[in-house]
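What follows is protein_33.cif (mmCIF, C-alpha atoms and all ligand atoms).
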data_entry
#
loop_
_atom_site.label_atom_id
_atom_site.label_comp_id
_atom_site.auth_asym_id
_atom_site.auth_seq_id
_atom_site.Cartn_x
_atom_site.Cartn_y
_atom_site.Cartn_z
CA MET A 1 -30.24 -83.84 -50.45
CA ARG A 2 -32.78 -86.05 -52.18
CA LEU A 3 -35.36 -83.58 -53.37
CA ALA A 4 -38.82 -84.12 -54.82
CA VAL A 5 -39.91 -81.42 -57.24
CA VAL A 6 -43.70 -81.70 -57.51
CA GLU A 7 -44.46 -79.49 -60.48
CA ASP A 8 -46.64 -80.12 -63.54
CA ASP A 9 -45.17 -77.31 -65.64
CA ASP A 10 -42.34 -78.81 -67.71
CA GLY A 11 -40.38 -75.57 -68.02
CA VAL A 12 -40.40 -74.80 -64.30
CA GLY A 13 -39.96 -78.44 -63.25
CA GLU A 14 -37.00 -79.13 -65.50
CA ALA A 15 -35.32 -75.84 -64.60
CA LEU A 16 -35.59 -76.63 -60.89
CA VAL A 17 -34.32 -80.20 -61.28
CA GLU A 18 -31.37 -78.99 -63.35
CA ALA A 19 -30.54 -76.19 -60.92
CA PHE A 20 -30.60 -78.58 -57.96
CA THR A 21 -28.60 -81.22 -59.83
CA VAL A 22 -25.74 -78.90 -60.82
CA ARG A 23 -25.46 -77.94 -57.15
CA GLY A 24 -24.89 -81.57 -56.20
CA HIS A 25 -28.36 -82.62 -55.10
CA HIS A 26 -30.43 -85.56 -56.28
CA ALA A 27 -33.66 -84.08 -57.59
CA THR A 28 -36.62 -86.03 -58.93
CA ARG A 29 -39.47 -84.52 -60.86
CA LEU A 30 -43.01 -85.61 -59.96
CA ARG A 31 -45.91 -84.31 -62.01
CA ARG A 32 -48.89 -85.18 -59.84
CA GLY A 33 -49.76 -84.92 -56.18
CA ALA A 34 -50.58 -88.64 -56.10
CA ASP A 35 -46.99 -89.40 -57.16
CA LEU A 36 -45.71 -87.62 -54.08
CA LEU A 37 -48.13 -89.43 -51.76
CA THR A 38 -46.84 -92.82 -52.91
CA ALA A 39 -43.15 -91.87 -53.07
CA HIS A 40 -42.60 -89.42 -50.19
CA ARG A 41 -40.44 -91.78 -48.11
CA GLY A 42 -37.54 -91.51 -50.54
CA PHE A 43 -36.94 -87.79 -50.06
CA ASP A 44 -35.24 -85.45 -47.60
CA ALA A 45 -37.37 -82.49 -48.66
CA VAL A 46 -40.18 -81.60 -51.06
CA VAL A 47 -40.74 -78.59 -53.32
CA LEU A 48 -44.48 -78.45 -53.87
CA ASP A 49 -46.41 -76.49 -56.49
CA LEU A 50 -50.01 -75.69 -55.56
CA GLY A 51 -51.62 -75.84 -59.00
CA LEU A 52 -51.35 -79.55 -59.81
CA PRO A 53 -53.35 -81.49 -62.41
CA ASP A 54 -54.87 -84.09 -60.08
CA ALA A 55 -55.42 -82.16 -56.85
CA ASP A 56 -54.78 -78.84 -55.22
CA GLY A 57 -51.35 -78.74 -53.60
CA LEU A 58 -52.88 -77.80 -50.25
CA THR A 59 -54.99 -80.98 -50.32
CA VAL A 60 -51.92 -83.02 -51.20
CA LEU A 61 -50.03 -81.40 -48.34
CA ARG A 62 -52.81 -82.17 -45.87
CA GLN A 63 -52.83 -85.83 -46.93
CA LEU A 64 -49.04 -86.00 -46.79
CA ARG A 65 -49.06 -84.60 -43.26
CA GLU A 66 -51.26 -87.48 -42.10
CA VAL A 67 -48.34 -89.83 -42.68
CA SER A 68 -45.13 -87.83 -42.96
CA THR A 69 -43.14 -85.00 -41.42
CA VAL A 70 -40.88 -84.60 -44.47
CA PRO A 71 -39.98 -80.91 -44.90
CA VAL A 72 -42.09 -79.20 -47.57
CA ILE A 73 -41.56 -75.84 -49.23
CA ILE A 74 -44.44 -74.57 -51.33
CA VAL A 75 -43.25 -72.89 -54.53
CA THR A 76 -46.18 -71.24 -56.25
CA ALA A 77 -47.40 -68.28 -58.25
CA ARG A 78 -50.00 -67.56 -55.56
CA SER A 79 -48.55 -64.57 -53.78
CA ASP A 80 -51.52 -63.28 -51.79
CA GLU A 81 -51.24 -63.32 -48.03
CA ARG A 82 -54.26 -65.60 -47.60
CA SER A 83 -52.66 -68.36 -49.71
CA ILE A 84 -49.35 -68.02 -47.87
CA VAL A 85 -51.05 -68.29 -44.48
CA ARG A 86 -53.12 -71.28 -45.62
CA GLY A 87 -49.97 -72.98 -46.90
CA LEU A 88 -48.04 -72.46 -43.69
CA ARG A 89 -50.99 -73.43 -41.51
CA GLY A 90 -51.56 -76.45 -43.75
CA GLY A 91 -48.20 -77.91 -42.81
CA ALA A 92 -45.70 -76.31 -45.17
CA ASP A 93 -42.32 -75.53 -43.59
CA ASP A 94 -41.77 -72.54 -45.85
CA TYR A 95 -43.35 -70.72 -48.77
CA VAL A 96 -41.67 -69.20 -51.82
CA VAL A 97 -43.38 -67.20 -54.57
CA LYS A 98 -42.51 -67.95 -58.22
CA PRO A 99 -40.19 -67.39 -59.88
CA PRO A 100 -37.93 -68.79 -57.16
CA ARG A 101 -34.33 -67.59 -56.76
CA ILE A 102 -32.43 -70.86 -56.71
CA ALA A 103 -29.73 -70.03 -54.17
CA GLU A 104 -32.36 -68.66 -51.80
CA LEU A 105 -34.62 -71.67 -52.29
CA LEU A 106 -31.72 -74.03 -51.55
CA ALA A 107 -30.81 -72.09 -48.43
CA ARG A 108 -34.41 -72.40 -47.28
CA LEU A 109 -34.41 -76.14 -48.08
CA GLU A 110 -31.23 -76.63 -46.05
CA ASN A 111 -32.84 -74.70 -43.22
CA VAL A 112 -36.02 -76.75 -43.01
CA THR A 113 -34.11 -80.02 -43.44
CA ARG A 114 -31.73 -79.19 -40.61
CA ARG A 115 -34.64 -78.59 -38.27
CA ALA A 116 -36.47 -81.70 -39.36
CA HIS A 117 -34.45 -84.67 -38.11
CA PRO A 118 -36.58 -86.11 -35.33
CA VAL A 119 -34.96 -88.51 -32.91
CA ALA A 120 -36.26 -91.97 -33.68
CA ALA A 121 -38.06 -93.59 -30.79
CA PRO A 122 -36.24 -96.67 -29.54
CA THR A 123 -38.14 -99.74 -30.68
CA GLU A 124 -38.99 -102.35 -28.10
CA ARG A 125 -37.72 -105.69 -29.33
CA VAL A 126 -40.24 -107.73 -27.36
CA VAL A 127 -43.77 -106.55 -26.67
CA VAL A 128 -45.87 -108.50 -24.19
CA THR A 129 -49.58 -107.75 -23.99
CA GLY A 130 -51.58 -110.11 -21.80
CA ASP A 131 -50.62 -113.58 -22.94
CA VAL A 132 -49.54 -112.36 -26.38
CA ARG A 133 -45.79 -112.10 -26.88
CA VAL A 134 -44.34 -110.39 -29.96
CA ASP A 135 -40.62 -110.79 -30.65
CA LEU A 136 -39.95 -108.22 -33.36
CA GLU A 137 -36.34 -109.23 -33.88
CA ALA A 138 -37.14 -112.92 -34.37
CA ARG A 139 -40.44 -112.12 -36.16
CA ARG A 140 -42.25 -114.50 -33.80
CA VAL A 141 -45.67 -114.11 -32.26
CA GLU A 142 -46.86 -116.39 -29.48
CA VAL A 143 -50.29 -116.58 -27.91
CA ALA A 144 -50.41 -118.38 -24.57
CA GLY A 145 -46.97 -119.79 -25.33
CA VAL A 146 -48.00 -121.21 -28.69
CA PRO A 147 -46.37 -119.81 -31.85
CA VAL A 148 -48.81 -118.31 -34.35
CA ALA A 149 -47.90 -118.46 -38.06
CA LEU A 150 -48.55 -115.07 -39.60
CA THR A 151 -48.22 -113.99 -43.22
CA ALA A 152 -45.69 -111.26 -44.03
CA LYS A 153 -48.43 -108.61 -44.24
CA GLU A 154 -50.03 -109.74 -40.97
CA PHE A 155 -46.67 -109.52 -39.22
CA GLU A 156 -46.09 -106.04 -40.63
CA LEU A 157 -49.44 -104.99 -39.17
CA VAL A 158 -48.29 -106.29 -35.78
CA GLN A 159 -44.97 -104.49 -36.19
CA VAL A 160 -46.55 -101.10 -36.83
CA LEU A 161 -49.29 -101.50 -34.20
CA THR A 162 -46.85 -102.57 -31.46
CA GLU A 163 -44.42 -99.70 -32.02
CA ARG A 164 -46.42 -97.78 -29.46
CA PRO A 165 -48.78 -100.12 -27.60
CA GLY A 166 -51.90 -98.30 -26.45
CA ALA A 167 -51.54 -95.54 -29.04
CA ALA A 168 -53.95 -95.04 -31.92
CA VAL A 169 -52.61 -95.77 -35.40
CA SER A 170 -54.61 -94.42 -38.34
CA ARG A 171 -55.56 -96.52 -41.34
CA GLN A 172 -53.57 -94.09 -43.48
CA GLN A 173 -50.44 -94.68 -41.41
CA LEU A 174 -50.83 -98.45 -41.67
CA MET A 175 -51.43 -98.38 -45.40
CA ASP A 176 -48.57 -95.99 -45.95
CA ARG A 177 -46.11 -98.02 -43.92
CA ILE A 178 -47.09 -101.43 -45.23
CA TRP A 179 -48.25 -100.82 -48.78
CA GLY A 180 -46.56 -97.49 -49.48
CA ASP A 181 -49.91 -96.10 -50.54
CA ALA A 182 -52.06 -94.38 -47.96
CA PHE A 183 -54.76 -92.99 -50.17
CA VAL A 184 -55.42 -94.93 -53.31
CA ALA A 185 -56.26 -98.57 -53.64
CA VAL A 186 -55.38 -100.69 -50.64
CA SER A 187 -58.12 -99.95 -48.13
CA ARG A 188 -59.76 -103.35 -48.75
CA SER A 189 -56.43 -105.18 -48.47
CA LEU A 190 -55.97 -103.68 -45.03
CA ASP A 191 -59.39 -104.98 -43.95
CA VAL A 192 -58.62 -108.44 -45.30
CA HIS A 193 -55.25 -108.75 -43.54
CA MET A 194 -56.61 -107.26 -40.32
CA THR A 195 -59.42 -109.81 -40.30
CA GLY A 196 -56.92 -112.63 -40.86
CA LEU A 197 -54.62 -111.36 -38.13
CA ARG A 198 -57.42 -111.06 -35.58
CA ALA A 199 -58.68 -114.54 -36.38
CA LYS A 200 -55.22 -116.06 -35.91
CA LEU A 201 -54.48 -114.23 -32.66
CA ASP A 202 -57.95 -115.07 -31.33
CA ARG A 203 -57.79 -112.41 -28.63
CA PRO A 204 -60.83 -110.13 -28.98
CA GLY A 205 -59.99 -106.73 -27.58
CA LEU A 206 -56.27 -107.02 -28.30
CA ILE A 207 -56.64 -104.87 -31.42
CA THR A 208 -59.35 -102.27 -30.92
CA THR A 209 -61.03 -100.59 -33.88
CA ILE A 210 -61.24 -96.83 -33.48
CA ARG A 211 -64.18 -95.89 -35.64
CA GLY A 212 -63.45 -93.42 -38.40
CA TYR A 213 -59.72 -93.47 -37.58
CA GLY A 214 -57.87 -96.74 -37.24
CA TYR A 215 -56.68 -99.21 -34.63
CA ARG A 216 -54.99 -99.57 -31.27
CA TRP A 217 -52.91 -102.45 -29.90
CA GLY A 218 -53.60 -103.29 -26.25
CA ASP A 219 -55.02 -100.64 -23.95
CA CA X 1 -48.71 -75.90 -61.71
#

If you convert what's in this file into structure tokens, what do you get?
Amino acid sequence: MRLAVVEDDDGVGEALVEAFTVRGHHATRLRRGADLLTAHRGFDAVVLDLGLPDADGLTVLRQLREVSTVPVIIVTARSDERSIVRGLRGGADDYVVKPPRIAELLARLENVTRRAHPVAAPTERVVVTGDVRVDLEARRVEVAGVPVALTAKEFELVQVLTERPGAAVSRQQLMDRIWGDAFVAVSRSLDVHMTGLRAKLDRPGLITTIRGYGYRWGD
């Protein structure tokens, strides 16, 4: 398994990484919650401390859950029932109180990872909405039969939006998928590329803004 160990304490973090590594896993130490939010796609499961230097682990978990279903086990010194319930309700798959027993923690990681593999939705290769035709395989977009030249970022926006036509896609999901960074610096870039895309397609109403959330392709 590729494991992220989100832990600011060097002693605990290094011990966990070493214990996972000697058991044949590929463990990576991350010190801050923000590191996990930008790198979560590379991991099969996450071990998450709650007391982190840049944000509370529960906040990090809530942000992560906006864009990812990666299995997360909270490993923390907080052993009171209220914290455990908040962690599980907040989207953790399991909760372990420090100090963790390594074999038990690994068994729990295997457990949550086994349950986690969602079946990927089949992707439509060609999406036709009104007179707009998107060929995802060929990376071509045509409006009224005329090819439209999109930049790489504009095409990626189309790709993500047309995965499920008619469904709402949040700004966080778009930023995470396209820039790998749902929460930090790219909000303005998204606006810029969205404006460019809409201008090129010239079909008002094709991409609807959902205020305070994101966008929807078609209806
Ligand atoms: Ca800590």

- prompt: When you draw a straight line from CA of Arg133 (chain A) to CA of Glu154 (chain A), how long is it in Å?
  reply: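 Spanning CA of Arg133 (chain A) to CA of Glu154 (chain A) is a straight-line distance of 14.9 Å.
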
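Shortest separation to Gln172 (chain A) among A:Arg2, A:His193, A:Lys153, A:Arg65 occurs at residue A:Arg65, atoms counted being all atoms listed in the file.
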
message: Taking only C-alpha atoms and all ligand atoms into account, which residues have an atom no farther than 6 Å from ligand CA 1 (chain X)? I'd like them as a PyMOL selection string.
response: chain A and resi 7-9+49+51-52

- request: Compare A:Pro99, A:Pro165, A:Pro71, A:Gly205 by their minimum atom-to-atom distance to Val128 (chain A), counting all atoms listed in the file, and give me the closest one.
  value: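 Smallest separation from Val128 (chain A) among the options: A:Pro165.
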
- prompt: A:Ala92, A:Leu3, A:Leu201, A:Leu136: which is nearest Val160 (chain A), counting all atoms listed in the file?
  reply: A:Leu136

statement: What separates CA of Leu197 (chain A) and CA of Gly218 (chain A) is a distance of 14.4 Å

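Distance check against Thr76 (chain A) using all atoms listed in the file: of A:Val169, A:Ala45, A:Ala34, A:Val97, the minimum falls on A:Val97.
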
task: Take the point (-46.8, -116.4, -26.4) as written in the file and pick out every residue within 10 Å of it, counting all atoms listed in the file; give the list as JSON, numbers by chain.
output: {"A": [128, 129, 130, 131, 132, 133, 134, 135, 140, 141, 142, 143, 144, 145, 146, 147, 148]}

- prompt: Can you tell me, as a PyMOL selection string, what residues are no more than 12 Å from Ala55 (chain A) when counting all atoms listed in the file, ignoring any on the same chain fewer than 5 positions away?
  reply: chain A and resi 6-8+31-37+48-50+60-63

message: List the spatial neighbours of region 16-20 of chain A as a PyMOL selection string - criterion: any atom at most 8 Å away, only C-alpha atoms, same-chain residues fewer than 5 positions off excluded.
response: chain A and resi 5+25-29+102+106

query: Counting all atoms listed in the file, which of A:Phe43, A:Tyr213, A:Tyr95, A:Trp179 gets nearest to Glu66 (chain A)?
result: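 For Glu66 (chain A), the nearest of the candidates is A:Tyr213.
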
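If you look at CA of Val112 (chain A) and CA of Arg86 (chain A), they are 18.1 Å away from each other.
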